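Pasting entry-v6.cif here (mmCIF, C-alpha atoms):
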data_my_file
#
loop_
_atom_site.group_PDB
_atom_site.id
_atom_site.type_symbol
_atom_site.label_atom_id
_atom_site.label_comp_id
_atom_site.auth_asym_id
_atom_site.auth_seq_id
_atom_site.Cartn_x
_atom_site.Cartn_y
_atom_site.Cartn_z
ATOM 1 C CA PRO U 97 -77.455 -95.262 169.692
ATOM 2 C CA SER U 98 -73.702 -95.077 169.422
ATOM 3 C CA ARG U 99 -73.186 -98.677 168.296
ATOM 4 C CA PRO U 100 -74.002 -99.735 164.686
ATOM 5 C CA ALA U 101 -75.130 -103.154 165.964
ATOM 6 C CA TRP U 102 -77.809 -101.628 168.187
ATOM 7 C CA ARG U 103 -81.122 -103.447 167.788
ATOM 8 C CA VAL U 104 -84.113 -101.176 167.402
ATOM 9 C CA GLN U 105 -86.502 -101.330 170.320
ATOM 10 C CA ALA U 106 -90.171 -100.474 170.464
ATOM 11 C CA GLY U 107 -90.560 -96.757 171.080
ATOM 12 C CA ASP U 108 -87.130 -95.786 169.736
ATOM 13 C CA ASP U 109 -86.988 -92.472 167.865
ATOM 14 C CA LEU U 110 -85.141 -92.949 164.555
ATOM 15 C CA ARG U 111 -83.635 -90.100 162.564
ATOM 16 C CA VAL U 112 -82.209 -90.668 159.081
ATOM 17 C CA ARG U 113 -79.891 -88.271 157.307
ATOM 18 C CA VAL U 114 -80.341 -88.506 153.530
ATOM 19 C CA ALA U 115 -77.449 -87.448 151.322
ATOM 20 C CA GLN U 116 -78.050 -84.942 148.562
ATOM 21 C CA LEU U 117 -79.409 -86.916 145.618
ATOM 22 C CA ARG U 118 -78.297 -86.133 142.111
ATOM 23 C CA PRO U 119 -81.282 -84.941 140.043
ATOM 24 C CA ARG U 120 -82.504 -87.467 137.512
ATOM 25 C CA THR U 121 -81.633 -86.431 133.982
ATOM 26 C CA ARG U 122 -83.433 -87.274 130.763
ATOM 27 C CA PRO U 123 -81.677 -89.959 128.685
ATOM 28 C CA ALA U 124 -79.508 -88.466 125.949
ATOM 29 C CA ALA U 125 -80.169 -88.860 122.248
ATOM 30 C CA GLN U 126 -77.663 -91.159 120.599
ATOM 31 C CA ALA U 127 -77.425 -92.117 116.944
ATOM 32 C CA MET U 128 -77.493 -95.864 116.361
ATOM 33 C CA ALA U 129 -78.730 -98.348 113.809
ATOM 34 C CA LEU U 130 -82.283 -99.474 114.619
ATOM 35 C CA GLU U 131 -84.101 -102.281 112.816
ATOM 36 C CA VAL U 132 -87.628 -100.968 112.229
ATOM 37 C CA LEU U 133 -90.342 -103.605 111.888
ATOM 38 C CA TYR U 134 -93.303 -101.212 111.723
ATOM 39 C CA GLU U 135 -93.971 -97.488 112.032
ATOM 40 C CA ASP U 136 -96.951 -95.151 111.729
ATOM 41 C CA ASP U 137 -97.995 -91.829 113.290
ATOM 42 C CA ASP U 138 -98.662 -93.497 116.660
ATOM 43 C CA LEU U 139 -96.308 -96.439 116.945
ATOM 44 C CA LEU U 140 -92.809 -97.668 116.317
ATOM 45 C CA ALA U 141 -91.878 -101.365 116.534
ATOM 46 C CA LEU U 142 -88.209 -102.350 116.637
ATOM 47 C CA ASN U 143 -86.316 -105.617 116.491
ATOM 48 C CA LYS U 144 -83.935 -105.515 119.445
ATOM 49 C CA PRO U 145 -80.770 -107.602 119.070
ATOM 50 C CA ALA U 146 -79.491 -109.699 121.945
ATOM 51 C CA GLY U 147 -76.903 -107.873 124.045
ATOM 52 C CA LEU U 148 -78.560 -104.447 123.793
ATOM 53 C CA VAL U 149 -79.954 -102.928 127.009
ATOM 54 C CA VAL U 150 -83.442 -101.476 126.509
ATOM 55 C CA HIS U 151 -83.491 -98.570 128.962
ATOM 56 C CA PRO U 152 -80.734 -96.462 130.576
ATOM 57 C CA SER U 153 -79.752 -97.352 134.134
ATOM 58 C CA TYR U 154 -76.965 -96.406 136.510
ATOM 59 C CA LYS U 155 -74.809 -99.140 134.953
ATOM 60 C CA ASN U 156 -75.825 -98.364 131.356
ATOM 61 C CA ALA U 157 -76.337 -94.622 131.057
ATOM 62 C CA THR U 158 -75.797 -94.590 127.282
ATOM 63 C CA GLY U 159 -75.776 -96.988 124.378
ATOM 64 C CA THR U 160 -79.259 -98.329 125.120
ATOM 65 C CA LEU U 161 -82.189 -98.847 122.782
ATOM 66 C CA MET U 162 -83.982 -95.884 124.372
ATOM 67 C CA ASN U 163 -81.038 -93.586 123.579
ATOM 68 C CA GLY U 164 -81.403 -94.546 119.927
ATOM 69 C CA VAL U 165 -85.180 -94.058 119.983
ATOM 70 C CA ILE U 166 -84.806 -90.546 121.439
ATOM 71 C CA GLU U 167 -82.462 -89.664 118.577
ATOM 72 C CA ARG U 168 -84.969 -90.985 116.035
ATOM 73 C CA ALA U 169 -87.792 -89.073 117.750
ATOM 74 C CA LYS U 170 -86.161 -85.762 116.819
ATOM 75 C CA ALA U 171 -87.832 -86.160 113.419
ATOM 76 C CA TRP U 172 -91.289 -86.783 114.914
ATOM 77 C CA PRO U 173 -93.951 -84.018 115.150
ATOM 78 C CA GLU U 174 -93.929 -81.537 118.011
ATOM 79 C CA GLY U 175 -95.441 -82.980 121.172
ATOM 80 C CA SER U 176 -94.112 -86.459 120.559
ATOM 81 C CA ARG U 177 -92.520 -88.270 123.470
ATOM 82 C CA PRO U 178 -91.403 -91.871 123.057
ATOM 83 C CA GLY U 179 -92.517 -94.375 125.666
ATOM 84 C CA LEU U 180 -91.617 -98.063 125.782
ATOM 85 C CA LEU U 181 -94.365 -100.661 126.182
ATOM 86 C CA GLY U 182 -92.769 -103.446 128.167
ATOM 87 C CA ARG U 183 -89.090 -104.362 128.238
ATOM 88 C CA LEU U 184 -86.898 -107.229 127.165
ATOM 89 C CA ASP U 185 -83.929 -108.550 129.098
ATOM 90 C CA LYS U 186 -80.534 -107.559 127.733
ATOM 91 C CA ASN U 187 -79.911 -111.022 126.292
ATOM 92 C CA THR U 188 -83.423 -111.549 124.912
ATOM 93 C CA SER U 189 -84.004 -110.468 121.319
ATOM 94 C CA GLY U 190 -87.148 -109.457 119.463
ATOM 95 C CA VAL U 191 -90.035 -107.013 119.192
ATOM 96 C CA VAL U 192 -90.062 -103.866 121.314
ATOM 97 C CA LEU U 193 -93.064 -101.542 120.958
ATOM 98 C CA VAL U 194 -92.709 -97.760 121.331
ATOM 99 C CA ALA U 195 -95.590 -95.293 121.655
ATOM 100 C CA LYS U 196 -94.940 -91.885 120.130
ATOM 101 C CA ARG U 197 -97.205 -89.868 122.442
ATOM 102 C CA PRO U 198 -98.370 -90.158 126.060
ATOM 103 C CA ASP U 199 -102.024 -90.676 125.034
ATOM 104 C CA VAL U 200 -101.030 -93.565 122.764
ATOM 105 C CA HIS U 201 -98.890 -95.037 125.534
ATOM 106 C CA ALA U 202 -101.838 -94.861 127.952
ATOM 107 C CA ALA U 203 -104.212 -96.482 125.430
ATOM 108 C CA LEU U 204 -101.789 -99.335 124.765
ATOM 109 C CA GLN U 205 -101.125 -99.822 128.466
ATOM 110 C CA ARG U 206 -104.875 -100.200 129.035
ATOM 111 C CA ALA U 207 -105.006 -102.728 126.202
ATOM 112 C CA MET U 208 -102.139 -104.683 127.751
ATOM 113 C CA ASP U 209 -103.800 -104.645 131.174
ATOM 114 C CA ALA U 210 -107.012 -105.928 129.565
ATOM 115 C CA ARG U 211 -105.017 -108.651 127.752
ATOM 116 C CA ARG U 212 -105.975 -107.371 124.320
ATOM 117 C CA ILE U 213 -102.357 -107.507 123.119
ATOM 118 C CA ASP U 214 -100.848 -110.909 122.342
ATOM 119 C CA LYS U 215 -97.091 -111.414 122.870
ATOM 120 C CA ASP U 216 -95.569 -114.633 121.559
ATOM 121 C CA TYR U 217 -92.005 -115.792 122.197
ATOM 122 C CA ALA U 218 -89.865 -118.563 120.742
ATOM 123 C CA ALA U 219 -87.493 -120.461 123.028
ATOM 124 C CA ILE U 220 -85.089 -123.361 122.612
ATOM 125 C CA VAL U 221 -85.159 -125.438 125.781
ATOM 126 C CA TRP U 222 -83.603 -128.487 127.375
ATOM 127 C CA GLY U 223 -85.994 -131.412 127.555
ATOM 128 C CA ARG U 224 -89.318 -132.368 126.004
ATOM 129 C CA PRO U 225 -92.237 -130.283 127.336
ATOM 130 C CA THR U 226 -95.084 -132.631 128.179
ATOM 131 C CA PRO U 227 -97.946 -132.349 127.440
ATOM 132 C CA ALA U 228 -97.220 -130.764 124.068
ATOM 133 C CA ARG U 229 -99.253 -127.697 124.972
ATOM 134 C CA GLY U 230 -100.476 -126.329 128.242
ATOM 135 C CA THR U 231 -100.580 -123.513 130.781
ATOM 136 C CA ILE U 232 -98.058 -122.744 133.518
ATOM 137 C CA ASP U 233 -99.739 -120.921 136.390
ATOM 138 C CA LEU U 234 -97.134 -120.238 139.079
ATOM 139 C CA ALA U 235 -96.864 -117.098 141.215
ATOM 140 C CA LEU U 236 -93.497 -115.314 141.119
ATOM 141 C CA ASP U 237 -91.572 -113.184 143.585
ATOM 142 C CA ARG U 238 -88.082 -111.836 144.189
ATOM 143 C CA ASP U 239 -85.652 -114.381 145.563
ATOM 144 C CA PRO U 240 -85.163 -113.316 149.214
ATOM 145 C CA TRP U 241 -81.488 -114.366 149.027
ATOM 146 C CA ASP U 242 -80.704 -112.687 145.688
ATOM 147 C CA ARG U 243 -82.859 -109.733 144.609
ATOM 148 C CA ARG U 244 -81.608 -110.032 141.032
ATOM 149 C CA ARG U 245 -83.363 -113.373 140.651
ATOM 150 C CA ILE U 246 -87.031 -114.324 140.458
ATOM 151 C CA THR U 247 -88.392 -117.466 142.064
ATOM 152 C CA VAL U 248 -91.638 -119.447 142.125
ATOM 153 C CA THR U 249 -93.512 -118.950 145.379
ATOM 154 C CA ASP U 250 -96.574 -120.415 147.083
ATOM 155 C CA ARG U 251 -96.732 -117.582 149.610
ATOM 156 C CA GLY U 252 -98.045 -114.379 148.074
ATOM 157 C CA GLY U 253 -96.039 -113.118 145.125
ATOM 158 C CA GLN U 254 -97.550 -111.953 141.854
ATOM 159 C CA PRO U 255 -99.859 -114.159 139.779
ATOM 160 C CA ALA U 256 -98.092 -115.251 136.587
ATOM 161 C CA VAL U 257 -99.504 -117.281 133.688
ATOM 162 C CA THR U 258 -97.710 -118.522 130.565
ATOM 163 C CA LYS U 259 -99.222 -120.624 127.778
ATOM 164 C CA TYR U 260 -96.812 -122.846 125.852
ATOM 165 C CA GLU U 261 -96.757 -125.143 122.817
ATOM 166 C CA ARG U 262 -93.996 -127.562 121.859
ATOM 167 C CA LEU U 263 -93.232 -127.093 118.155
ATOM 168 C CA ALA U 264 -90.370 -129.555 117.619
ATOM 169 C CA THR U 265 -88.211 -131.946 119.644
ATOM 170 C CA VAL U 266 -85.001 -133.873 119.053
ATOM 171 C CA GLY U 267 -83.312 -136.411 121.327
ATOM 172 C CA SER U 268 -84.403 -139.057 123.773
ATOM 173 C CA ALA U 269 -88.105 -139.119 124.580
ATOM 174 C CA GLY U 270 -87.745 -141.756 127.286
ATOM 175 C CA GLY U 271 -85.073 -140.227 129.482
ATOM 176 C CA ASP U 272 -82.219 -142.392 128.129
ATOM 177 C CA LYS U 273 -79.237 -140.108 128.828
ATOM 178 C CA SER U 274 -76.928 -142.368 126.803
ATOM 179 C CA ALA U 275 -78.918 -141.323 123.733
ATOM 180 C CA GLY U 276 -78.340 -137.659 124.528
ATOM 181 C CA GLU U 277 -80.432 -134.933 126.107
ATOM 182 C CA ALA U 278 -83.678 -133.898 124.411
ATOM 183 C CA PHE U 279 -84.073 -130.347 123.085
ATOM 184 C CA SER U 280 -87.244 -128.580 121.967
ATOM 185 C CA ILE U 281 -88.462 -125.423 120.301
ATOM 186 C CA VAL U 282 -91.325 -123.943 122.318
ATOM 187 C CA ARG U 283 -93.739 -121.129 121.576
ATOM 188 C CA CYS U 284 -94.808 -119.185 124.659
ATOM 189 C CA ARG U 285 -97.580 -116.628 125.057
ATOM 190 C CA LEU U 286 -97.528 -114.238 127.980
ATOM 191 C CA ILE U 287 -100.859 -113.893 129.751
ATOM 192 C CA THR U 288 -99.187 -111.791 132.442
ATOM 193 C CA GLY U 289 -95.923 -109.934 132.033
ATOM 194 C CA ARG U 290 -93.723 -110.485 135.074
ATOM 195 C CA THR U 291 -89.958 -110.052 135.236
ATOM 196 C CA HIS U 292 -88.151 -113.137 133.849
ATOM 197 C CA GLN U 293 -91.536 -114.893 133.664
ATOM 198 C CA ILE U 294 -90.943 -117.264 130.742
ATOM 199 C CA ARG U 295 -87.421 -118.108 131.902
ATOM 200 C CA VAL U 296 -88.537 -118.978 135.429
ATOM 201 C CA HIS U 297 -91.732 -120.787 134.406
ATOM 202 C CA LEU U 298 -89.998 -123.066 131.900
ATOM 203 C CA ALA U 299 -87.160 -123.807 134.327
ATOM 204 C CA ALA U 300 -89.662 -124.616 137.083
ATOM 205 C CA ARG U 301 -91.294 -127.190 134.818
ATOM 206 C CA GLY U 302 -87.930 -128.817 134.104
ATOM 207 C CA TRP U 303 -87.398 -127.281 130.646
ATOM 208 C CA PRO U 304 -84.838 -124.484 131.202
ATOM 209 C CA ILE U 305 -83.924 -122.268 128.269
ATOM 210 C CA VAL U 306 -80.637 -123.118 126.575
ATOM 211 C CA GLY U 307 -77.937 -120.572 127.456
ATOM 212 C CA ASP U 308 -79.790 -119.049 130.425
ATOM 213 C CA ALA U 309 -77.035 -118.169 132.901
ATOM 214 C CA ALA U 310 -79.445 -117.442 135.758
ATOM 215 C CA TYR U 311 -82.058 -120.200 135.471
ATOM 216 C CA GLY U 312 -80.567 -122.640 132.967
ATOM 217 C CA ARG U 313 -78.850 -125.986 133.268
ATOM 218 C CA LYS U 314 -75.331 -125.904 134.682
ATOM 219 C CA ARG U 315 -72.513 -127.759 133.010
ATOM 220 C CA GLY U 316 -71.402 -130.778 135.031
ATOM 221 C CA SER U 317 -68.000 -132.395 135.224
ATOM 222 C CA ALA U 318 -68.993 -135.458 133.193
ATOM 223 C CA THR U 319 -68.071 -135.813 129.536
ATOM 224 C CA LEU U 320 -70.848 -134.355 127.397
ATOM 225 C CA LEU U 321 -72.328 -135.640 124.186
ATOM 226 C CA PRO U 322 -71.946 -133.400 121.094
ATOM 227 C CA LEU U 323 -75.418 -131.815 121.244
ATOM 228 C CA ASP U 324 -75.030 -131.097 124.943
ATOM 229 C CA GLU U 325 -71.711 -129.372 124.182
ATOM 230 C CA VAL U 326 -73.451 -127.201 121.582
ATOM 231 C CA ALA U 327 -76.149 -126.181 124.048
ATOM 232 C CA HIS U 328 -73.719 -125.318 126.850
ATOM 233 C CA ALA U 329 -71.643 -123.213 124.452
ATOM 234 C CA PHE U 330 -74.577 -120.952 123.467
ATOM 235 C CA PRO U 331 -73.707 -117.529 124.955
ATOM 236 C CA ARG U 332 -77.146 -116.145 125.861
ATOM 237 C CA GLN U 333 -80.645 -117.335 126.691
ATOM 238 C CA ALA U 334 -82.233 -118.693 123.506
ATOM 239 C CA LEU U 335 -85.366 -116.576 123.876
ATOM 240 C CA HIS U 336 -86.851 -114.317 121.203
ATOM 241 C CA ALA U 337 -89.947 -112.076 121.278
ATOM 242 C CA TRP U 338 -91.091 -112.949 117.768
ATOM 243 C CA ARG U 339 -94.702 -111.793 117.401
ATOM 244 C CA LEU U 340 -96.947 -109.007 118.658
ATOM 245 C CA SER U 341 -100.641 -108.748 117.762
ATOM 246 C CA LEU U 342 -102.663 -105.650 118.670
ATOM 247 C CA ARG U 343 -105.173 -103.114 117.398
ATOM 248 C CA GLN U 344 -103.843 -99.808 116.149
ATOM 249 C CA PRO U 345 -105.117 -97.302 118.753
ATOM 250 C CA SER U 346 -106.304 -94.664 116.230
ATOM 251 C CA THR U 347 -107.734 -96.836 113.433
ATOM 252 C CA ASN U 348 -108.561 -100.026 115.364
ATOM 253 C CA ALA U 349 -106.967 -102.017 112.544
ATOM 254 C CA VAL U 350 -105.385 -105.320 113.563
ATOM 255 C CA LEU U 351 -101.593 -105.229 113.433
ATOM 256 C CA GLU U 352 -99.374 -108.293 113.493
ATOM 257 C CA ILE U 353 -95.698 -107.456 113.933
ATOM 258 C CA VAL U 354 -93.171 -110.249 113.488
ATOM 259 C CA ALA U 355 -89.438 -110.251 114.196
ATOM 260 C CA PRO U 356 -87.695 -113.092 112.320
ATOM 261 C CA LEU U 357 -85.767 -115.579 114.408
ATOM 262 C CA PRO U 358 -82.212 -114.173 114.758
ATOM 263 C CA ASP U 359 -79.259 -115.870 113.089
ATOM 264 C CA ASP U 360 -77.734 -117.172 116.328
ATOM 265 C CA MET U 361 -80.918 -119.023 117.296
ATOM 266 C CA ARG U 362 -81.351 -120.357 113.754
ATOM 267 C CA GLN U 363 -77.819 -121.688 113.843
ATOM 268 C CA LEU U 364 -78.431 -123.206 117.281
ATOM 269 C CA ALA U 365 -81.592 -124.934 116.071
ATOM 270 C CA THR U 366 -79.718 -126.297 113.057
ATOM 271 C CA ALA U 367 -76.825 -127.504 115.197
ATOM 272 C CA LEU U 368 -79.261 -129.274 117.531
ATOM 273 C CA CYS U 369 -81.042 -130.823 114.503
ATOM 274 C CA LEU U 370 -84.324 -129.124 115.384
#
Written as structure tokens, how would this file's structure read?
Amino acid sequence: PSRPAWRVQAGDDLRVRVAQLRPRTRPAAQAMALEVLYEDDDLLALNKPAGLVVHPSYKNATGTLMNGVIERAKAWPEGSRPGLLGRLDKNTSGVVLVAKRPDVHAALQRAMDARRIDKDYAAIVWGRPTPARGTIDLALDRDPWDRRRITVTDRGGQPAVTKYERLATVGSAGGDKSAGEAFSIVRCRLITGRTHQIRVHLAARGWPIVGDAAYGRKRGSATLLPLDEVAHAFPRQALHAWRLSLRQPSTNAVLEIVAPLPDDMRQLATALCL
């Protein structure tokens, strides 16, 4: 058809001309400071700071965690090839696991699929999660109006399960806004690993993560109490991948890798009196 607005009809013959695509290149090695939490012949565990992109993309071709890992891998034995196990959002901090060889990566991926690897996160949230511990079982899918966002769905989607436990709370327990908003520290364990899962699940239950620009609480026009001001001023989602428990694929020894809570979240917790 000659008109761009032409509506496709049954039986139409469509021909698509694809432009020459630029070949995909391997990410470049780039020297950078990496905080190593654990390393052996098979594995490397790093503590990713908030603000660092994990893997190169068209918007972040260099300066990512993977660029730094490739540089470090130059010292590994021949045949090594780093592979990331899972990813963290740019503004989420914490443990990132790297396999040093494809066979190790495959073994760990099987363990993850079989739920033999435990991933625990710490989050500072608005509100008082009730009951104090429980399971959030809500399917997730891409938001049809904004593909960058994830939304809870009751029509298809991917099954998603998060276990949570409230560790501490400060503020009104009875919903008295004049006494200030409640804030809590929550431990979350991923049973499945969907994009933005913890962020969306907690927000769906009414406990959005402090500082979450996509799913968090928006600042209103009303005058805020001091603790609310502190929470709205936090510049990133207060979410940290703090613990990973797994079996070492070669020795079967149990490994527990912990990334200490970062300074910004410690300071936030102190400011909120948690």
Nearest residue to Leu286 in chain U out of U:Gln363, U:Thr231, U:Gln254, U:Thr265, using all atoms listed in the file?
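With all atoms listed in the file as the atom set, the closest residue is U:Thr231.
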Kindly assemble as a tab-separated table a list of the range 185-299 of chain U residues that lie within 12 Å of range 311-328 of chain U, each paired with its nearest atom pair and their distance in Å to one decimal, using all atoms listed in the file, sorted first by chain and then by ascending residue number.
residue	atom	partner	partner_atom	distance
U:Ile220	CA	U:Ala327	CA	9.5
U:Val221	CA	U:Gly312	CA	9.0
U:Trp222	CA	U:Arg313	CA	8.0
U:Gly223	CA	U:Arg313	CA	10.6
U:Arg244	CA	U:Tyr311	CA	11.6
U:Arg245	CA	U:Tyr311	CA	8.7
U:Ile246	CA	U:Tyr311	CA	9.2
U:Thr247	CA	U:Tyr311	CA	9.5
U:Val248	CA	U:Tyr311	CA	11.7
U:Val266	CA	U:Leu323	CA	10.0
U:Gly267	CA	U:Leu323	CA	9.1
U:Ser268	CA	U:Leu323	CA	11.8
U:Lys273	CA	U:Leu321	CA	9.4
U:Ser274	CA	U:Leu321	CA	8.6
U:Ala275	CA	U:Leu321	CA	8.7
U:Gly276	CA	U:Leu321	CA	6.4
U:Glu277	CA	U:Asp324	CA	6.7
U:Ala278	CA	U:Leu323	CA	9.1
U:Phe279	CA	U:Leu323	CA	9.0
U:Ser280	CA	U:Ala327	CA	11.5
U:His292	CA	U:Tyr311	CA	9.5
U:Gln293	CA	U:Tyr311	CA	11.0
U:Ile294	CA	U:Tyr311	CA	10.5
U:Arg295	CA	U:Tyr311	CA	6.8
U:Val296	CA	U:Tyr311	CA	6.6
U:His297	CA	U:Tyr311	CA	9.8
U:Leu298	CA	U:Tyr311	CA	9.2
U:Ala299	CA	U:Tyr311	CA	6.4
Quick one: of U:His201, U:Lys186, U:Arg262, U:Arg285, who's nearest to Trp303 in chain U, counting only C-alpha atoms?
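Using only C-alpha atoms, Trp303 in chain U sits closest to U:Arg262.
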Got a sec: who's within 10 Å of Met128 in chain U, counting only C-alpha atoms, leaving out chain neighbours fewer than 6 positions off, as a list in words?
Gly159, Thr160, Leu161, Asn163, Gly164, Val165, Glu167 and Arg168 of chain U
What's the separation between CA of Gly147 in chain U and CA of Leu370 in chain U, in Å to one decimal place?
24.1 Å
Between CA of Pro152 in chain U and CA of Thr121 in chain U, what distance in Å does the model show, to one decimal?
10.6 Å
Could you write out as lines of an AutoDock Vina configuration file the box around range 244-249 of chain U (axis-aligned, all atoms listed in the file, 8 Å on each side), with centre and edge lengths in Å to one decimal?
center_x = -87.6
center_y = -114.7
center_z = 142.9
size_x = 27.9
size_y = 25.4
size_z = 20.9
Write out as a count of residues only the residues lying within 12 Å of Ala207 in chain U, counting only C-alpha atoms and excluding same-chain residues fewer than 3 positions away.
17
Between U:Ala235, U:Leu130, U:Val104, U:Leu148, which has the minimum distance to Thr291 in chain U (counting all atoms listed in the file)?
U:Ala235
Range 353-356 of chain U environment, 9 Å, all atoms listed in the file, sequence neighbours closer than 5 positions dropped, as a PyMOL selection string
chain U and resi 133-134+141-144+189-191+336-342
Result set, the PyMOL selection byres ((chain U and resi 123) around 8) on current file, as a ChimeraX atom specification
/U:121-122,124-125,152,157-158,162-163,166
